[in-house]
file protein29.txt (compact mmCIF, C-alpha atoms)
# COMPACT_ATOMS: atom_id res chain seq x y z
CA MET L 14 206.33 10.43 95.74
CA ALA L 15 205.87 13.92 94.31
CA GLN L 16 206.23 16.93 96.51
CA GLN L 17 203.02 18.05 98.19
CA ILE L 18 201.52 21.43 97.35
CA TYR L 19 199.48 23.15 100.08
CA PHE L 20 196.32 25.24 99.99
CA ASP L 21 198.33 28.13 101.44
CA ASP L 22 200.69 28.02 98.45
CA VAL L 23 198.15 28.74 95.72
CA GLU L 24 196.26 31.90 94.81
CA GLU L 25 193.81 32.75 92.06
CA GLY L 26 195.83 33.08 88.87
CA PHE L 27 198.45 30.58 90.02
CA GLU L 28 199.66 28.49 87.11
CA ILE L 29 199.76 24.80 87.98
CA PRO L 30 202.75 22.69 86.83
CA SER L 31 202.34 21.71 83.18
CA LEU L 32 202.32 18.12 81.91
CA ARG L 33 203.77 17.15 78.54
CA LYS L 34 202.39 14.06 76.82
CA ASP L 35 203.74 12.46 73.65
CA PRO L 36 200.97 10.20 72.35
CA THR L 37 202.02 7.57 69.81
CA THR L 38 200.07 5.01 67.77
CA GLN L 39 201.42 2.40 70.20
CA GLN L 40 199.86 4.29 73.09
CA LEU L 41 196.49 4.32 71.32
CA VAL L 42 196.65 0.54 70.98
CA LYS L 43 197.60 0.17 74.65
CA TYR L 44 194.76 2.49 75.63
CA ALA L 45 192.30 0.57 73.45
CA GLY L 46 193.31 -2.63 75.26
CA ALA L 47 193.25 -1.14 78.75
CA SER L 48 189.95 0.70 78.33
CA GLY L 49 188.12 -1.75 76.08
CA ASP L 50 187.40 0.96 73.47
CA TYR L 51 188.17 -0.76 70.17
CA TYR L 52 186.65 1.77 67.79
CA GLN L 53 188.88 1.44 64.72
CA ILE L 54 189.33 5.18 64.13
CA HIS L 55 191.95 5.01 66.91
CA TYR L 56 194.26 2.36 65.37
CA ASP L 57 193.23 1.47 61.80
CA LYS L 58 194.44 4.25 59.49
CA ASP L 59 192.56 2.97 56.41
CA PHE L 60 189.38 2.88 58.44
CA ALA L 61 190.03 6.39 59.77
CA LEU L 62 190.69 7.78 56.28
CA ARG L 63 187.50 6.18 54.97
CA ASN L 64 185.67 8.06 57.72
CA ASN L 65 186.98 11.41 56.45
CA LEU L 66 189.52 11.68 59.28
CA PRO L 67 193.06 12.96 58.61
CA ASP L 68 194.68 10.00 60.40
CA VAL L 69 193.96 7.79 63.37
CA ILE L 70 192.90 10.11 66.18
CA LEU L 71 193.37 10.09 69.94
CA HIS L 72 190.53 8.69 72.03
CA GLY L 73 188.79 11.62 73.67
CA ALA L 74 188.91 9.53 76.83
CA LEU L 75 192.70 9.33 76.61
CA LYS L 76 192.86 13.12 76.55
CA ASN L 77 190.48 13.04 79.49
CA ALA L 78 193.01 10.77 81.25
CA PHE L 79 195.84 13.23 80.50
CA LEU L 80 193.87 16.01 82.17
CA GLY L 81 193.09 13.66 85.05
CA GLN L 82 196.82 13.13 85.50
CA LEU L 83 197.43 16.89 85.34
CA MET L 84 195.04 17.28 88.28
CA THR L 85 196.17 14.31 90.40
CA ASP L 86 199.81 15.39 89.91
CA PHE L 87 198.79 18.87 91.09
CA ALA L 88 196.78 17.57 94.07
CA GLY L 89 199.71 15.42 95.23
CA PRO L 90 199.51 12.40 97.55
CA ASP L 91 197.56 14.25 100.26
CA GLY L 92 195.17 16.06 97.92
CA ASP L 93 192.07 14.63 96.23
CA LEU L 94 190.46 15.13 92.87
CA LYS L 95 186.78 16.01 93.37
CA ALA L 96 185.58 16.90 89.88
CA LEU L 97 186.83 16.85 86.33
CA HIS L 98 185.11 18.23 83.26
CA VAL L 99 186.57 17.97 79.77
CA GLN L 100 185.36 18.81 76.28
CA TYR L 101 186.86 17.39 73.10
CA ARG L 102 186.91 20.40 70.79
CA VAL L 103 189.62 19.56 68.29
CA MET L 104 190.86 16.13 67.22
CA ASP L 105 194.45 15.23 68.02
CA ILE L 106 196.63 12.76 66.16
CA PRO L 107 199.49 10.62 67.46
CA GLY L 108 202.98 12.04 66.93
CA ASN L 109 201.83 15.51 67.96
CA PRO L 110 202.86 16.35 71.53
CA LEU L 111 200.26 17.83 73.86
CA LEU L 112 200.81 20.10 76.82
CA GLY L 113 198.45 19.97 79.78
CA ARG L 114 198.17 23.31 81.55
CA GLY L 115 195.98 24.98 84.14
CA ILE L 116 195.30 28.11 86.12
CA VAL L 117 193.73 28.37 89.56
CA ARG L 118 190.47 30.30 89.23
CA LYS L 119 189.02 30.03 92.72
CA LYS L 120 189.95 28.79 96.21
CA TYR L 121 187.61 28.43 99.18
CA VAL L 122 186.95 26.45 102.32
CA GLN L 123 183.73 24.46 102.54
CA ASP L 124 182.76 21.87 105.16
CA GLY L 125 186.29 22.07 106.54
CA LYS L 126 187.86 21.18 103.19
CA ASN L 127 190.14 23.34 101.09
CA PHE L 128 188.82 23.51 97.54
CA VAL L 129 190.80 24.74 94.56
CA GLU L 130 189.09 25.15 91.19
CA CYS L 131 191.18 25.26 88.06
CA GLU L 132 190.64 26.03 84.42
CA ILE L 133 192.59 23.34 82.60
CA TRP L 134 193.32 22.43 79.00
CA LEU L 135 195.44 20.49 76.54
CA GLU L 136 197.15 22.53 73.85
CA ASP L 137 199.03 21.39 70.77
CA GLN L 138 202.41 22.64 69.62
CA GLN L 139 200.81 25.59 67.86
CA GLY L 140 199.29 26.64 71.17
CA GLN L 141 195.78 25.71 70.01
CA ILE L 142 193.55 24.51 72.83
CA THR L 143 192.15 21.16 71.70
CA THR L 144 190.66 20.00 74.99
CA PRO L 145 189.41 22.60 77.45
CA GLY L 146 188.21 21.61 80.88
CA HIS L 147 187.76 22.32 84.53
CA GLY L 148 189.10 20.52 87.57
CA VAL L 149 188.41 20.73 91.30
CA VAL L 150 190.78 19.39 93.95
CA THR L 151 191.03 19.56 97.71
CA LEU L 152 194.45 20.33 99.16
CA PRO L 153 195.89 20.00 102.65
CA ALA L 154 196.69 23.18 104.58
CA ARG L 155 200.02 23.81 106.27
CA ALA L 156 199.82 22.94 109.95
CA MET N 26 165.47 24.37 62.77
CA THR N 27 162.30 23.36 60.98
CA HIS N 28 161.54 20.16 62.82
CA SER N 29 163.03 18.25 65.67
CA VAL N 30 164.72 14.87 65.25
CA ILE N 31 163.83 14.10 68.86
CA THR N 32 160.81 11.84 68.76
CA LYS N 33 158.30 10.96 71.44
CA GLU N 34 159.88 7.49 71.68
CA MET N 35 163.30 9.03 72.27
CA LYS N 36 161.95 11.33 74.97
CA ALA N 37 160.36 8.34 76.68
CA ALA N 38 163.81 6.75 77.06
CA ILE N 39 165.09 9.64 79.18
CA GLY N 40 165.63 8.65 82.79
CA VAL N 41 165.11 4.90 82.29
CA GLU N 42 167.86 3.17 84.25
CA SER N 43 169.86 0.34 82.64
CA GLU N 44 170.25 -3.11 84.07
CA PRO N 45 172.98 -3.05 86.72
CA VAL N 46 176.23 -4.90 86.15
CA VAL N 47 178.86 -5.65 88.77
CA ASN N 48 182.53 -5.23 87.85
CA GLU N 49 185.38 -6.36 90.07
CA VAL N 50 188.33 -3.96 90.12
CA GLU N 51 191.49 -5.95 89.46
CA LYS N 52 194.88 -4.72 90.59
CA GLY N 53 196.49 -5.72 87.30
CA ALA N 54 193.83 -3.80 85.36
CA ILE N 55 194.57 -0.63 87.34
CA ILE N 56 198.31 -0.90 86.65
CA LYS N 57 197.72 -1.71 82.98
CA PHE N 58 195.44 1.30 82.67
CA ALA N 59 197.95 3.63 84.37
CA GLN N 60 200.68 2.38 82.04
CA ALA N 61 198.47 2.83 78.98
CA ILE N 62 197.79 6.48 79.80
CA GLY N 63 201.48 7.00 80.65
CA ASP N 64 200.88 7.96 84.29
CA GLN N 65 203.87 7.00 86.46
CA ASN N 66 202.24 8.02 89.75
CA PRO N 67 203.20 5.26 92.27
CA ALA N 68 199.70 5.51 93.78
CA PHE N 69 198.42 3.87 90.56
CA ASN N 70 201.40 1.68 89.64
CA ASN N 71 203.30 0.35 92.59
CA GLU N 72 201.58 -1.49 95.42
CA GLN N 73 204.57 -1.22 97.72
CA ALA N 74 205.06 2.52 97.22
CA ALA N 75 201.29 3.03 97.48
CA ARG N 76 201.34 1.44 100.95
CA ASN N 77 202.69 4.77 102.23
CA THR N 78 199.82 6.82 100.82
CA LYS N 79 196.79 7.82 102.86
CA TYR N 80 194.79 4.98 101.27
CA GLY N 81 197.40 2.40 102.26
CA GLY N 82 197.51 0.80 98.82
CA LEU N 83 196.82 1.21 95.14
CA THR N 84 193.95 3.36 93.93
CA ALA N 85 192.68 3.75 90.37
CA PRO N 86 193.46 6.79 88.19
CA PRO N 87 190.55 9.25 87.70
CA THR N 88 189.24 7.88 84.41
CA PHE N 89 189.83 4.18 85.11
CA LEU N 90 186.09 3.52 85.42
CA ARG N 91 185.83 4.03 81.66
CA SER N 92 187.01 0.42 81.43
CA MET N 93 184.01 -0.96 83.37
CA LYS N 94 181.37 -2.97 81.54
CA LEU N 95 178.03 -1.22 81.19
CA GLY N 96 174.71 -2.90 81.85
CA LYS N 97 172.18 -3.40 79.08
CA ALA N 98 169.95 -0.41 78.45
CA ARG N 99 166.24 -0.99 79.17
CA ALA N 100 165.27 1.72 76.70
CA GLU N 101 167.34 2.37 73.60
CA ILE N 102 167.04 5.25 71.19
CA VAL N 103 167.49 5.03 67.45
CA LYS N 104 170.05 7.69 66.56
CA PRO N 105 168.88 9.92 63.71
CA TYR N 106 172.31 10.44 62.11
CA SER N 107 174.95 7.93 61.06
CA ALA N 108 178.08 9.30 62.80
CA THR N 109 178.83 9.78 66.47
CA LEU N 110 181.70 11.51 68.25
CA ASP N 111 182.59 11.61 71.92
CA GLY N 112 181.98 15.20 73.03
CA GLY N 113 183.30 15.14 76.56
CA SER N 114 182.78 14.01 80.13
CA LYS N 115 182.03 15.46 83.51
CA TRP N 116 183.13 13.43 86.53
CA GLU N 117 182.32 13.84 90.21
CA TYR N 118 184.41 11.88 92.70
CA PHE N 119 183.16 10.72 96.10
CA GLU N 120 185.15 7.63 97.09
CA PRO N 121 188.47 6.11 95.99
CA VAL N 122 188.45 3.06 93.71
CA ARG N 123 190.52 0.22 95.18
CA PRO N 124 191.59 -3.22 93.98
CA GLY N 125 188.97 -5.79 94.94
CA ASP N 126 186.12 -3.29 94.88
CA GLN N 127 182.86 -4.59 93.47
CA ILE N 128 181.55 -1.70 91.40
CA THR N 129 177.93 -1.74 90.31
CA VAL N 130 177.44 0.29 87.15
CA THR N 131 174.11 1.69 86.01
CA HIS N 132 173.48 4.32 83.38
CA TYR N 133 170.60 6.21 81.87
CA LEU N 134 169.89 8.69 79.16
CA ALA N 135 169.85 12.06 80.93
CA ASP N 136 169.15 14.56 78.19
CA LEU N 137 168.72 15.07 74.46
CA HIS N 138 169.09 18.38 72.75
CA GLU N 139 169.83 19.70 69.29
CA ARG N 140 172.46 22.14 68.24
CA GLN N 141 173.76 23.74 65.05
CA GLY N 142 177.51 23.75 64.59
CA LYS N 143 180.56 22.93 62.53
CA LEU N 144 179.11 19.47 61.88
CA GLY N 145 175.72 20.80 60.80
CA ASN N 146 172.65 19.65 62.72
CA MET N 147 173.82 17.80 65.79
CA LEU N 148 171.97 15.76 68.37
CA MET N 149 173.65 15.94 71.75
CA ILE N 150 173.06 12.71 73.68
CA VAL N 151 173.84 13.08 77.37
CA ARG N 152 174.19 9.96 79.50
CA GLU N 153 174.80 9.67 83.20
CA THR N 154 176.66 6.67 84.61
CA LYS N 155 176.59 5.85 88.29
CA TYR N 156 179.31 3.75 89.92
CA THR N 157 178.48 2.32 93.36
CA ASN N 158 180.80 0.21 95.49
CA GLN N 159 180.18 -2.85 97.67
CA PHE N 160 179.50 -0.57 100.68
CA ASP N 161 176.55 0.96 98.79
CA LYS N 162 178.43 4.21 98.46
CA ILE N 163 178.36 6.20 95.24
CA VAL N 164 181.97 6.27 94.10
CA VAL N 165 181.73 8.31 90.93
CA LEU N 166 179.08 10.01 88.80
CA GLN N 167 179.97 10.51 85.18
CA ARG N 168 178.01 12.58 82.68
CA SER N 169 179.14 12.09 79.12
CA THR N 170 178.03 13.73 75.91
CA GLU N 171 177.91 12.06 72.52
CA ILE N 172 177.53 14.15 69.38
CA ASN N 173 175.41 12.46 66.73
CA TYR N 174 175.63 14.07 63.27
CA GLN N 175 175.38 13.46 59.54
CA PRO N 176 178.76 13.38 57.76
CA THR N 177 178.81 15.55 54.64
CA LYS N 178 180.46 13.05 52.27

call {"tool": "encode", "arguments": {"input": "protein29.txt", "output": "structure tokens"}}
result
Amino acid sequence: MAQQIYFDDVEEGFEIPSLRKDPTTQQLVKYAGASGDYYQIHYDKDFALRNNLPDVILHGALKNAFLGQLMTDFAGPDGDLKALHVQYRVMDIPGNPLLGRGIVRKKYVQDGKNFVECEIWLEDQQGQITTPGHGVVTLPARA
Amino acid sequence: MTHSVITKEMKAAIGVESEPVVNEVEKGAIIKFAQAIGDQNPAFNNEQAARNTKYGGLTAPPTFLRSMKLGKARAEIVKPYSATLDGGSKWEYFEPVRPGDQITVTHYLADLHERQGKLGNMLMIVRETKYTNQFDKIVVLQRSTEINYQPTK
């Protein structure tokens, strides 16, 4: 079990631990099977090329899942993910690693719960943000 | 923009709820999903390790509900352009998703609006999906945006 981070430990501007993902064509096939999204642009290169795409591309929803993992890893076993918002701005192709990153933008207590709002994103190796987003977690406080 | 591609018929479809469909959450499906997205978190992968978490067992990763079957729409729109891309999603979480849960899924068209961008004229199709569990509690609300556009070639 990952180490727990506490509400007391984060401040606005705090950079949350990054998450590296290395999507492959095999992962896209596994994701297609697990999610039920069989749109061919994600595994049939000829089909993708015929649709003016540079290659097969990552499912937006898979990138959404990567950012979900970034946030649940950050929240830890005693934290909870409350909201997740992602936008697919730039297409990503398998073989290109992605880095999930985030910065705490706001922390507050509401209804006895400790909320932490983060700006989050996936960036490619050139540092281009392909998938910006926003995540909200609740964290435990130190006793 | 000279004229709108949003017709009266399309506007009439806004807010019309789909038929509900009940999906059972299978433990194996949760683990398979976690493995597909490459998430090693024991809370999503390992029943024994997950016993020690606050939920006392496996829970589903945040986007697992993408794999649920959707009910048939009661009002469909005819998309004006031939190509569609997934634009993004907004999720709100209220309850954990556990193996054995009976999740009722309904969805409806929430909004239509037009935009000019890299892809030319775009129709943004916003749908909201509601996931409710067997205790009649809303588990998750998901708002997703599809971008409908005309490819140039």

call {"tool": "interface_residues", "arguments": {"input": "protein29.txt", "of": "chain N", "to": "chain L", "cutoff": "9 Å", "atoms": "all atoms listed in the file", "output": "MDAnalysis selection string"}}
result
chainID N and resid 54:55 57:64 66:68 74 78:79 86:94 110:119 170 176 178

call {"tool": "closest_residue", "arguments": {"input": "protein29.txt", "among": "N:Leu83, N:Leu148, N:Leu166, N:Ala108", "to": "N:Thr32", "atoms": "all atoms listed in the file"}}
result
N:Leu148

call {"tool": "atom_distance", "arguments": {"input": "protein29.txt", "atom1": "atom CA of L:Arg118", "atom2": "atom CA of L:Val23"}}
result
10.2 Å

call {"tool": "atom_distance", "arguments": {"input": "protein29.txt", "atom1": "atom CA of N:His138", "atom2": "atom CA of N:Ile39"}}
result
11.6 Å

call {"tool": "atom_distance", "arguments": {"input": "protein29.txt", "atom1": "atom CA of N:Ser43", "atom2": "atom CA of N:Leu137"}}
result
16.9 Å

call {"tool": "residues_around", "arguments": {"input": "protein29.txt", "residues": "N:Pro124", "least_positions_apart": "4", "cutoff": "6 Å", "atoms": "only C-alpha atoms", "output": "list in words"}}
result
Val50, Glu51 and Lys52 of chain N

call {"tool": "residues_near_point", "arguments": {"input": "protein29.txt", "point": "(183.2, -7.0, 91.0)", "cutoff": "12 Å", "atoms": "only C-alpha atoms", "output": "NGL selection string"}}
result
:N and (45-52 or 93-94 or 122-130 or 156-159)

call {"tool": "residues_around", "arguments": {"input": "protein29.txt", "residues": "N:Glu42", "least_positions_apart": "2", "cutoff": "12 Å", "atoms": "only C-alpha atoms", "output": "list in words"}}
result
Ala37, Ala38, Ile39, Gly40, Glu44, Pro45, Val46, Leu95, Gly96, Lys97, Ala98, Arg99, Ala100, Glu101, Val130, Thr131, His132, Tyr133, Leu134, Ala135, Arg152, Glu153, Thr154 and Lys155 of chain N

call {"tool": "closest_residue", "arguments": {"input": "protein29.txt", "among": "N:Lys36, N:Asn146, N:Pro121, N:Ser29", "to": "N:Gly81", "atoms": "all atoms listed in the file"}}
result
N:Pro121
